[in-house]
>>> print(open('entry-v2.txt').read())   # compact mmCIF, C-alpha atoms
# COMPACT_ATOMS: atom_id res chain seq x y z
CA MET A 1 3.09 74.35 75.56
CA ASP A 2 6.49 75.11 74.06
CA LYS A 3 8.12 78.35 75.12
CA ALA A 4 10.69 79.40 72.54
CA VAL A 5 12.94 81.51 74.71
CA ARG A 6 12.81 83.69 77.77
CA ILE A 7 14.41 86.58 75.94
CA GLY A 8 12.47 86.22 72.67
CA VAL A 9 9.82 88.83 73.32
CA LEU A 10 6.94 89.58 71.02
CA LEU A 11 4.53 91.90 72.83
CA ALA A 12 5.09 95.00 74.93
CA VAL A 13 2.82 97.41 76.80
CA VAL A 14 3.80 101.06 77.00
CA CYS A 15 2.23 103.93 78.91
CA SER A 16 2.66 107.46 77.61
CA THR A 17 1.00 110.53 76.29
CA PRO A 18 0.08 110.79 72.59
CA PHE A 19 3.59 111.95 71.77
CA THR A 20 2.78 113.41 68.40
CA GLU A 21 0.68 116.01 70.26
CA ALA A 22 2.69 116.37 73.51
CA GLN A 23 6.22 116.91 72.24
CA GLU A 24 6.21 120.62 73.09
CA GLN A 25 4.56 120.27 76.53
CA ASN A 26 7.77 119.28 78.27
CA THR A 27 10.10 122.10 77.31
CA LEU A 28 10.88 123.77 80.65
CA PRO A 29 13.93 125.91 81.41
CA ALA A 30 17.07 123.89 82.13
CA GLY A 31 17.35 122.79 85.74
CA ASP A 32 13.62 123.13 86.51
CA ARG A 33 12.10 120.30 88.55
CA PRO A 34 8.36 119.89 87.99
CA ARG A 35 6.36 118.96 91.12
CA PHE A 36 5.07 115.51 90.24
CA PRO A 37 3.74 112.92 92.70
CA ARG A 38 6.24 110.29 93.75
CA VAL A 39 5.93 106.88 92.07
CA ILE A 40 6.56 103.78 94.18
CA VAL A 41 6.26 100.01 93.78
CA SER A 42 4.47 98.64 96.83
CA SER A 43 1.66 96.33 97.84
CA GLN A 44 0.27 99.14 100.03
CA ALA A 45 -0.25 102.81 99.27
CA SER A 46 2.10 105.03 101.31
CA SER A 47 0.12 108.27 100.90
CA ASP A 48 -2.78 109.73 99.00
CA SER A 49 -0.41 111.76 96.78
CA ALA A 50 1.91 108.91 95.69
CA ILE A 51 1.28 106.81 92.61
CA THR A 52 1.48 103.28 94.02
CA ILE A 53 2.06 100.42 91.58
CA PRO A 54 1.65 96.84 92.82
CA PRO A 55 4.66 94.50 92.66
CA ALA A 56 4.90 92.40 89.50
CA THR A 57 4.91 88.67 90.22
CA SER A 58 3.34 87.20 87.07
CA PHE A 59 2.34 87.84 83.49
CA SER A 60 0.19 86.07 80.94
CA ILE A 61 1.11 84.43 77.64
CA ASP A 62 -1.09 85.18 74.66
CA LEU A 63 -0.51 83.25 71.44
CA LYS A 64 -3.62 84.38 69.54
CA ASN A 65 -3.18 85.34 65.91
CA ASN A 66 -4.32 88.57 64.27
CA LYS A 67 -4.41 90.49 67.55
CA TYR A 68 -3.64 93.84 66.03
CA SER A 69 -6.30 96.00 64.41
CA GLU A 70 -6.01 99.59 63.30
CA GLY A 71 -8.39 102.19 64.61
CA PRO A 72 -8.65 105.70 66.08
CA ASP A 73 -6.23 104.72 68.87
CA GLY A 74 -3.54 103.50 66.49
CA LEU A 75 -0.06 105.07 66.59
CA ASP A 76 2.97 104.57 64.40
CA PHE A 77 5.53 102.66 66.48
CA GLU A 78 8.63 104.18 64.89
CA THR A 79 7.28 107.70 65.32
CA TRP A 80 6.33 107.01 68.94
CA ILE A 81 9.74 105.64 69.94
CA LYS A 82 11.53 108.46 68.13
CA ASN A 83 9.51 111.13 69.94
CA ALA A 84 9.68 109.43 73.34
CA SER A 85 13.44 109.00 73.11
CA ALA A 86 13.94 112.62 72.07
CA LEU A 87 12.18 113.90 75.19
CA ASN A 88 13.55 111.54 77.86
CA GLY A 89 17.14 110.63 78.65
CA LEU A 90 20.29 111.90 77.01
CA GLU A 91 20.45 110.01 73.71
CA SER A 92 19.17 112.42 71.07
CA PRO A 93 20.68 113.55 67.76
CA ASN A 94 20.61 117.26 68.60
CA ILE A 95 21.79 117.20 72.22
CA ARG A 96 24.83 119.24 73.20
CA PRO A 97 27.85 117.73 75.03
CA TRP A 98 27.10 116.64 78.60
CA HIS A 99 28.63 115.10 81.72
CA ILE A 100 26.82 112.87 84.22
CA VAL A 101 27.73 111.05 87.46
CA ILE A 102 25.42 108.29 88.75
CA HIS A 103 25.86 106.53 92.10
CA TYR A 104 24.32 103.06 92.40
CA GLU A 105 23.52 100.50 95.09
CA LYS A 106 22.66 96.91 94.19
CA TYR A 107 20.83 94.45 96.46
CA ASP A 108 20.60 90.64 96.47
CA GLU A 109 17.48 88.50 96.89
CA ASP A 110 17.70 88.80 100.69
CA GLY A 111 17.77 92.59 100.51
CA ASP A 112 21.44 92.87 101.42
CA ASN A 113 23.65 95.39 99.63
CA ASP A 114 26.08 93.32 97.57
CA ASP A 115 27.58 95.99 95.29
CA SER A 116 27.85 99.75 94.97
CA GLY A 117 29.76 102.18 92.82
CA THR A 118 29.56 105.03 90.34
CA PHE A 119 29.09 105.44 86.62
CA GLU A 120 30.43 108.58 84.97
CA GLU A 121 30.20 109.66 81.35
CA PHE A 122 31.55 112.57 79.33
CA TRP A 123 29.69 112.67 75.99
CA ALA A 124 30.43 114.83 72.96
CA ALA A 125 29.29 112.69 70.00
CA PRO A 126 28.43 109.06 69.18
CA ASP A 127 32.13 108.46 68.44
CA LYS A 128 33.52 110.76 71.12
CA TYR A 129 32.79 109.85 74.73
CA LYS A 130 34.40 108.53 77.91
CA ARG A 131 32.56 106.09 80.21
CA ILE A 132 33.91 105.24 83.65
CA TYR A 133 32.72 102.42 85.93
CA LYS A 134 34.06 102.35 89.50
CA SER A 135 33.19 99.74 92.15
CA GLU A 136 34.88 97.16 94.37
CA SER A 137 34.40 94.47 91.72
CA PHE A 138 34.60 96.38 88.42
CA ASN A 139 36.74 99.31 87.33
CA GLN A 140 36.84 100.28 83.68
CA THR A 141 37.18 103.32 81.42
CA ASP A 142 36.10 103.22 77.78
CA TYR A 143 37.22 105.83 75.24
CA ALA A 144 35.23 106.19 72.02
CA THR A 145 37.24 107.68 69.17
CA SER A 146 37.02 107.93 65.40
CA LYS A 147 39.48 105.01 65.32
CA GLY A 148 37.35 102.75 67.51
CA LEU A 149 36.83 101.86 71.16
CA PHE A 150 39.75 101.76 73.62
CA ARG A 151 39.63 100.35 77.16
CA LEU A 152 41.53 100.84 80.40
CA GLY A 153 41.06 98.61 83.48
CA ASN A 154 38.85 95.51 83.45
CA ARG A 155 39.01 93.91 80.01
CA GLN A 156 35.63 92.14 80.07
CA TRP A 157 32.52 93.91 78.85
CA PRO A 158 30.20 95.38 81.50
CA LYS A 159 27.62 92.98 82.90
CA LEU A 160 23.90 93.53 82.44
CA VAL A 161 23.47 95.23 85.81
CA GLN A 162 26.28 97.67 85.01
CA LEU A 163 24.76 98.43 81.63
CA GLU A 164 21.41 98.99 83.34
CA VAL A 165 22.93 101.67 85.58
CA ARG A 166 23.56 103.72 82.45
CA SER A 167 20.53 102.83 80.39
CA GLU A 168 17.84 103.51 83.01
CA VAL A 169 18.97 107.15 83.26
CA VAL A 170 20.69 107.94 79.96
CA ALA A 171 18.76 105.71 77.53
CA PRO A 172 15.53 104.48 79.16
CA PHE A 173 14.04 103.45 75.80
CA LEU A 174 16.94 101.21 74.81
CA TYR A 175 14.80 98.08 75.05
CA ALA A 176 11.80 99.49 73.17
CA ALA A 177 14.10 100.67 70.39
CA SER A 178 15.33 97.09 69.95
CA LEU A 179 11.86 95.80 69.01
CA HIS A 180 11.05 95.20 65.37
CA GLY A 181 7.79 94.76 63.47
CA PHE A 182 5.52 96.22 66.14
CA HIS A 183 2.29 98.19 65.98
CA ALA A 184 1.17 100.73 68.59
CA ARG A 185 -2.16 101.89 70.00
CA LYS A 186 -3.25 104.05 72.93
CA TRP A 187 -4.62 102.49 76.10
CA ASN A 188 -5.66 104.02 79.43
CA ARG A 189 -4.67 102.67 82.86
CA THR A 190 -5.23 103.62 86.49
CA PHE A 191 -2.78 103.22 89.39
CA SER A 192 -3.98 104.03 92.94
CA GLY A 193 -6.79 106.12 91.55
CA GLN A 194 -4.60 108.11 89.13
CA ASN A 195 -5.00 107.76 85.37
CA LEU A 196 -2.18 107.23 82.91
CA GLN A 197 -2.46 107.53 79.13
CA CYS A 198 -0.97 104.42 77.64
CA VAL A 199 0.29 102.88 74.43
CA VAL A 200 0.26 99.15 73.68
CA LEU A 201 2.85 97.64 71.33
CA GLU A 202 1.70 94.53 69.53
CA GLN A 203 2.56 92.03 66.85
CA ASN A 204 -0.02 89.92 65.08
CA SER A 205 1.08 86.87 67.05
CA GLY A 206 3.71 85.87 69.56
CA ILE A 207 4.62 85.47 73.20
CA SER A 208 3.49 88.27 75.48
CA ASP A 209 6.00 90.60 77.08
CA PRO A 210 4.93 92.60 80.13
CA THR A 211 7.09 95.66 79.37
CA GLN A 212 5.40 99.00 80.07
CA TYR A 213 6.57 102.59 79.82
CA CYS A 214 4.37 104.96 81.84
CA PHE A 215 4.29 108.73 81.60
CA GLN A 216 2.94 111.61 83.66
CA PRO A 217 -0.50 112.53 82.26
CA ASN A 218 -0.53 115.37 79.72
CA THR A 219 3.26 115.37 79.50
CA SER A 220 5.95 113.22 77.93
CA VAL A 221 7.75 112.65 81.28
CA LEU A 222 8.69 109.02 81.92
CA ARG A 223 7.64 107.85 85.40
CA TYR A 224 7.48 104.03 85.40
CA THR A 225 8.68 101.05 83.40
CA ARG A 226 7.73 97.41 83.73
CA GLY A 227 10.84 95.66 82.43
CA GLU A 228 11.49 92.10 81.39
CA PHE A 229 10.35 89.38 83.80
CA TRP A 230 9.85 90.94 87.26
CA HIS A 231 11.78 94.20 86.93
CA GLN A 232 9.89 97.40 87.69
CA ILE A 233 11.54 100.82 87.46
CA VAL A 234 10.25 104.11 88.88
CA TYR A 235 11.56 107.56 87.95
CA ASN A 236 11.40 110.39 90.49
CA ASP A 237 12.91 113.84 91.16
CA ILE A 238 12.56 114.82 87.51
CA GLU A 239 14.82 117.53 86.10
CA THR A 240 14.58 119.20 82.72
CA PHE A 241 17.94 119.26 80.93
CA GLN A 242 18.29 120.64 77.42
CA GLY A 243 14.53 120.22 76.97
CA ARG A 244 14.58 116.56 78.05
CA SER A 245 13.29 114.90 81.20
CA ILE A 246 15.93 113.25 83.39
CA ALA A 247 15.12 111.35 86.59
CA ARG A 248 17.63 112.03 89.34
CA GLU A 249 16.25 109.13 91.40
CA VAL A 250 15.65 105.75 89.74
CA ASP A 251 14.66 102.67 91.76
CA VAL A 252 14.50 99.16 90.30
CA THR A 253 12.66 96.34 92.04
CA ASP A 254 12.70 92.64 91.13
CA GLY A 255 9.52 90.79 92.03
CA GLY A 256 8.67 93.55 94.48
CA LYS A 257 12.09 93.45 96.20
CA ARG A 258 14.54 96.31 95.85
CA TYR A 259 17.24 95.47 93.35
CA LEU A 260 18.97 98.64 92.15
CA GLU A 261 18.97 102.24 93.36
CA LEU A 262 20.39 104.97 91.12
CA ARG A 263 21.03 108.56 92.13
CA VAL A 264 22.24 111.25 89.73
CA GLU A 265 24.92 113.17 91.63
CA LYS A 266 25.87 115.53 88.80
CA LEU A 267 24.39 116.48 85.44
CA GLU A 268 25.86 119.37 83.50
CA ALA A 269 26.57 120.65 80.03
CA ILE A 270 30.21 120.62 78.90
CA ALA A 271 30.95 124.26 78.19
CA ASN A 272 34.60 124.00 77.18
CA LEU A 273 35.07 120.89 75.06
CA LEU A 274 38.67 119.71 74.88
CA ASP A 275 39.63 116.90 72.50
CA SER A 276 42.38 115.90 74.92
CA ASP A 277 39.74 114.90 77.49
CA PHE A 278 38.65 112.07 75.19
CA LEU A 279 42.04 110.69 74.22
CA PRO A 280 42.73 107.14 75.49
CA ALA A 281 44.94 107.13 78.57
CA PRO A 282 48.36 105.44 78.47
CA GLY A 283 47.91 101.69 78.83
CA ALA A 284 44.45 101.57 77.21
CA THR A 285 44.02 98.73 74.72
CA GLY A 286 42.13 98.86 71.45
CA PRO A 287 40.48 99.34 69.18
CA LEU A 288 38.09 96.69 70.57
CA GLY A 289 34.90 95.18 69.30
CA ASP A 290 35.43 92.15 67.03
CA ARG A 291 33.47 89.99 69.51
CA ILE A 292 31.71 91.11 72.68
CA SER A 293 29.60 89.65 75.48
CA GLY A 294 27.46 91.13 78.23
CA VAL A 295 24.75 92.52 75.95
CA ARG A 296 21.44 90.80 75.26
CA LEU A 297 20.02 91.05 71.76
CA ARG A 298 16.36 90.32 71.05
CA PRO A 299 15.85 87.92 68.13
CA LEU A 300 14.18 89.01 64.92
CA LYS A 301 13.34 85.41 64.06
CA THR A 302 13.06 82.35 66.32
CA VAL A 303 12.68 78.65 65.53
CA ASN A 304 11.46 76.02 68.01
CA PRO A 305 13.28 72.70 68.39
CA GLU A 306 11.70 69.67 66.75
CA TRP A 307 10.93 67.89 70.00
CA PRO A 308 10.77 64.08 69.62
CA GLY A 309 7.78 62.05 70.73
CA SER A 310 9.73 60.86 73.77
CA SER A 311 9.58 64.39 75.17
CA ALA A 312 5.80 64.29 75.60
CA GLY A 313 4.74 65.11 79.14
CA LYS A 314 8.25 66.11 80.21
CA ARG A 315 9.46 69.44 81.51
CA ILE A 316 12.67 70.23 79.63
CA GLU A 317 14.92 73.28 79.72
CA VAL A 318 18.07 73.60 77.62
CA SER A 319 20.46 76.56 77.59
CA VAL A 320 22.53 77.21 74.46
CA GLU A 321 25.50 79.53 74.14
CA ILE A 322 25.50 81.18 70.72
CA VAL A 323 27.66 83.54 68.71
CA ILE A 324 25.79 86.06 66.61
CA GLY A 325 27.69 87.06 63.49
CA LYS A 326 28.24 90.56 62.16
CA ASP A 327 25.28 90.08 59.80
CA GLY A 328 22.89 89.00 62.61
CA SER A 329 22.92 85.27 61.83
CA VAL A 330 23.95 82.65 64.40
CA ILE A 331 27.38 81.35 63.43
CA ALA A 332 27.92 79.01 66.40
CA ALA A 333 25.70 77.24 68.96
CA HIS A 334 26.75 75.06 71.89
CA ALA A 335 24.33 73.64 74.48
CA VAL A 336 25.65 74.00 78.02
CA SER A 337 22.89 72.78 80.34
CA GLY A 338 19.83 70.56 80.35
CA PRO A 339 19.24 66.91 79.32
CA PRO A 340 22.08 66.00 76.91
CA GLU A 341 19.77 63.99 74.66
CA TYR A 342 18.12 67.26 73.57
CA PHE A 343 21.30 69.24 72.98
CA LYS A 344 21.56 68.69 69.23
CA ILE A 345 17.96 69.59 68.37
CA CYS A 346 18.24 72.80 70.42
CA GLU A 347 21.57 73.72 68.82
CA LYS A 348 20.03 73.10 65.39
CA ALA A 349 17.08 75.39 66.20
CA ALA A 350 19.35 78.12 67.59
CA ARG A 351 21.40 78.22 64.39
CA LYS A 352 18.25 79.24 62.49
CA TRP A 353 17.64 82.32 64.62
CA THR A 354 18.44 85.81 63.38
CA PHE A 355 19.20 88.99 65.34
CA PRO A 356 19.65 92.68 64.63
CA VAL A 357 23.21 93.67 63.78
CA TYR A 358 25.03 94.95 66.87
CA ARG A 359 27.44 97.83 66.45
CA VAL A 360 30.22 99.31 68.55
CA ILE A 361 30.74 102.91 67.43
CA ASP A 362 28.92 102.06 64.19
CA LYS A 363 31.09 98.98 63.49
CA PRO A 364 29.31 95.57 63.25
CA VAL A 365 30.64 93.07 65.80
CA GLU A 366 30.02 89.48 66.85
CA VAL A 367 28.04 88.93 70.07
CA GLU A 368 28.23 86.05 72.54
CA GLN A 369 25.08 85.37 74.52
CA GLU A 370 22.89 82.57 75.87
CA VAL A 371 19.37 81.56 74.87
CA SER A 372 17.03 79.08 76.55
CA PHE A 373 14.60 76.56 75.10
CA GLY A 374 11.77 75.02 77.10
CA HIS A 375 9.28 72.23 76.68
CA PHE A 376 6.42 72.03 79.18
>>> encode(input="entry-v2.txt", output="structure tokens")
Amino acid sequence: MDKAVRIGVLLAVVCSTPFTEAQEQNTLPAGDRPRFPRVIVSSQASSDSAITIPPATSFSIDLKNNKYSEGPDGLDFETWIKNASALNGLESPNIRPWHIVIHYEKYDEDGDNDDSGTFEEFWAAPDKYKRIYKSESFNQTDYATSKGLFRLGNRQWPKLVQLEVRSEVVAPFLYAASLHGFHARKWNRTFSGQNLQCVVLEQNSGISDPTQYCFQPNTSVLRYTRGEFWHQIVYNDIETFQGRSIAREVDVTDGGKRYLELRVEKLEAIANLLDSDFLPAPGATGPLGDRISGVRLRPLKTVNPEWPGSSAGKRIEVSVEIVIGKDGSVIAAHAVSGPPEYFKICEKAARKWTFPVYRVIDKPVEVEQEVSFGHF
């Protein structure tokens, strides 16, 4: 079976409440911390009160056509993601200026701590914020202004793990919001004897994606996410901030092994907003953004290579570096690994892909990233 690409995802599973009915159930006074059971990823239950989710080590691929059917459990995907995003995290159109500090610890495959640091953000508007990364390997401050993005410190764009530090707390629905052409329906699940109300996101055909977003029953509070591949994220120590749920403790596992631990050290509203706090510091370069790397866009359209007859029975994997243009089309493709005899057909297929337009402070930019083709 041909597998178009590891990052070309076409099915997601999401757990939540029926958001159109539960939007007002999560409006607690600022600073309140509801007493919810702790969520953990483990092969064994730690206590009767914890919600224990088994480690993810596999997922199925479903290529059946016409999978989606409307019914009483159907939900509008765009409405669902809009409501879920408005009630969790800090990215919402009507939120007031805020300041957050997140400490993180990253672990390698052997469980050893191989990186740690802090992420700090002062946010006033989509084009007025300051983001600060500090660690032994990466130190950077970005200033968003009406004239564009300016940068002090490391010139390269943050890596995926650094971006995840921010997104898991500030924008936990960033991935779901990148999906296009999906349908949604409710679905119920049970973890360690506790029920969760769920929503499944589907297309009429495509490669399955194991992503799940799970919510505390009868609320809109995010508690668990099954990410791409083997990533699982749990959200604990929930605080209500400006009517939104924020997890002060976020733990990410990879195939059941701890991968990333995030702890919110400070979360506060900015009472006295000073424009001078957002001005680029001396030595900052910019405006930036004509071409970036470090982000991963999900394709809107994929095309498989035209594998020759000589490939029958062979296991082939080819990685292609591409440049996505400002209109979402692929403007360059260069194979970098795999059997050289299949480079050209994979490059040709990659050039036919299309992606959503990526913007930096509302300005379209080019994106460098890698895609993989497989023949099995």
>>> residues_around(input="entry-v2.txt", residues="region 290-304 of chain A", least_positions_apart="2", cutoff="10 Å", atoms="only C-alpha atoms", output="PyMOL selection string")
chain A and resi 2-5+7-10+156-163+175+178-181+287-288+306-307+323-326+328-329+345-346+348-360+363-371+373-375
>>> write_last_selection(input="entry-v2.txt", atoms="C-alpha atoms", output="CSV table (one decimal), in the frame of the given file")
chain,number,residue,atom,x,y,z
A,2,ASP,CA,6.5,75.1,74.1
A,3,LYS,CA,8.1,78.4,75.1
A,4,ALA,CA,10.7,79.4,72.5
A,5,VAL,CA,12.9,81.5,74.7
A,7,ILE,CA,14.4,86.6,75.9
A,8,GLY,CA,12.5,86.2,72.7
A,9,VAL,CA,9.8,88.8,73.3
A,10,LEU,CA,6.9,89.6,71.0
A,156,GLN,CA,35.6,92.1,80.1
A,157,TRP,CA,32.5,93.9,78.8
A,158,PRO,CA,30.2,95.4,81.5
A,159,LYS,CA,27.6,93.0,82.9
A,160,LEU,CA,23.9,93.5,82.4
A,161,VAL,CA,23.5,95.2,85.8
A,162,GLN,CA,26.3,97.7,85.0
A,163,LEU,CA,24.8,98.4,81.6
A,175,TYR,CA,14.8,98.1,75.0
A,178,SER,CA,15.3,97.1,70.0
A,179,LEU,CA,11.9,95.8,69.0
A,180,HIS,CA,11.0,95.2,65.4
A,181,GLY,CA,7.8,94.8,63.5
A,287,PRO,CA,40.5,99.3,69.2
A,288,LEU,CA,38.1,96.7,70.6
A,306,GLU,CA,11.7,69.7,66.8
A,307,TRP,CA,10.9,67.9,70.0
A,323,VAL,CA,27.7,83.5,68.7
A,324,ILE,CA,25.8,86.1,66.6
A,325,GLY,CA,27.7,87.1,63.5
A,326,LYS,CA,28.2,90.6,62.2
A,328,GLY,CA,22.9,89.0,62.6
A,329,SER,CA,22.9,85.3,61.8
A,345,ILE,CA,18.0,69.6,68.4
A,346,CYS,CA,18.2,72.8,70.4
A,348,LYS,CA,20.0,73.1,65.4
A,349,ALA,CA,17.1,75.4,66.2
A,350,ALA,CA,19.4,78.1,67.6
A,351,ARG,CA,21.4,78.2,64.4
A,352,LYS,CA,18.2,79.2,62.5
A,353,TRP,CA,17.6,82.3,64.6
A,354,THR,CA,18.4,85.8,63.4
A,355,PHE,CA,19.2,89.0,65.3
A,356,PRO,CA,19.6,92.7,64.6
A,357,VAL,CA,23.2,93.7,63.8
A,358,TYR,CA,25.0,95.0,66.9
A,359,ARG,CA,27.4,97.8,66.4
A,360,VAL,CA,30.2,99.3,68.6
A,363,LYS,CA,31.1,99.0,63.5
A,364,PRO,CA,29.3,95.6,63.2
A,365,VAL,CA,30.6,93.1,65.8
A,366,GLU,CA,30.0,89.5,66.8
A,367,VAL,CA,28.0,88.9,70.1
A,368,GLU,CA,28.2,86.0,72.5
A,369,GLN,CA,25.1,85.4,74.5
A,370,GLU,CA,22.9,82.6,75.9
A,371,VAL,CA,19.4,81.6,74.9
A,373,PHE,CA,14.6,76.6,75.1
A,374,GLY,CA,11.8,75.0,77.1
A,375,HIS,CA,9.3,72.2,76.7
>>> atom_distance(input="entry-v2.txt", atom1="CA of Ser92 (chain A)", atom2="CA of Pro280 (chain A)")
24.5 Å
>>> atom_distance(input="entry-v2.txt", atom1="CA of Glu249 (chain A)", atom2="CA of Lys128 (chain A)")
26.7 Å
>>> atom_distance(input="entry-v2.txt", atom1="CA of Pro305 (chain A)", atom2="CA of Glu202 (chain A)")
24.7 Å
>>> residues_around(input="entry-v2.txt", residues="Pro97 (chain A)", least_positions_apart="4", cutoff="9 Å", atoms="all atoms listed in the file", output="ChimeraX atom specification")
/A:122-125,268-271,273
>>> closest_residue(input="entry-v2.txt", among="A:Glu78, A:Asp275, A:Glu168, A:Glu121", to="Val101 (chain A)", atoms="only C-alpha atoms")
A:Glu121
>>> residues_around(input="entry-v2.txt", residues="Pro172 (chain A)", least_positions_apart="4", cutoff="10 Å", atoms="all atoms listed in the file", output="list in words")
Ala84, Ser85, Asn88, Gly89, Leu90, Glu91, Glu164, Arg166, Ser167, Glu168, Ala176, Ala177, Tyr213, Leu222, Thr225, Ile233 and Ile246 of chain A
>>> residues_around(input="entry-v2.txt", residues="Pro37 (chain A)", least_positions_apart="2", cutoff="7 Å", atoms="all atoms listed in the file", output="ChimeraX atom specification")
/A:35,39,49-51
>>> residues_near_point(input="entry-v2.txt", point="(38.7, 104.1, 69.4)", cutoff="10 Å", atoms="all atoms listed in the file", output="list in words")
Asp127, Lys128, Tyr129, Asp142, Tyr143, Ala144, Thr145, Ser146, Lys147, Gly148, Leu149, Phe150, Arg151, Phe278, Leu279, Pro280, Thr285, Gly286, Pro287, Leu288, Gly289, Val360 and Ile361 of chain A
>>> closest_residue(input="entry-v2.txt", among="A:Phe376, A:Trp230, A:Tyr259, A:Trp80", to="Ser116 (chain A)", atoms="all atoms listed in the file")
A:Tyr259
>>> residues_around(input="entry-v2.txt", residues="Pro54 (chain A)", least_positions_apart="6", cutoff="6 Å", atoms="only C-alpha atoms", output="PyMOL selection string")
chain A and resi 41-43
>>> closest_residue(input="entry-v2.txt", among="A:Asp237, A:Ile100, A:Ile132, A:Lys186", to="Phe77 (chain A)", atoms="all atoms listed in the file")
A:Lys186
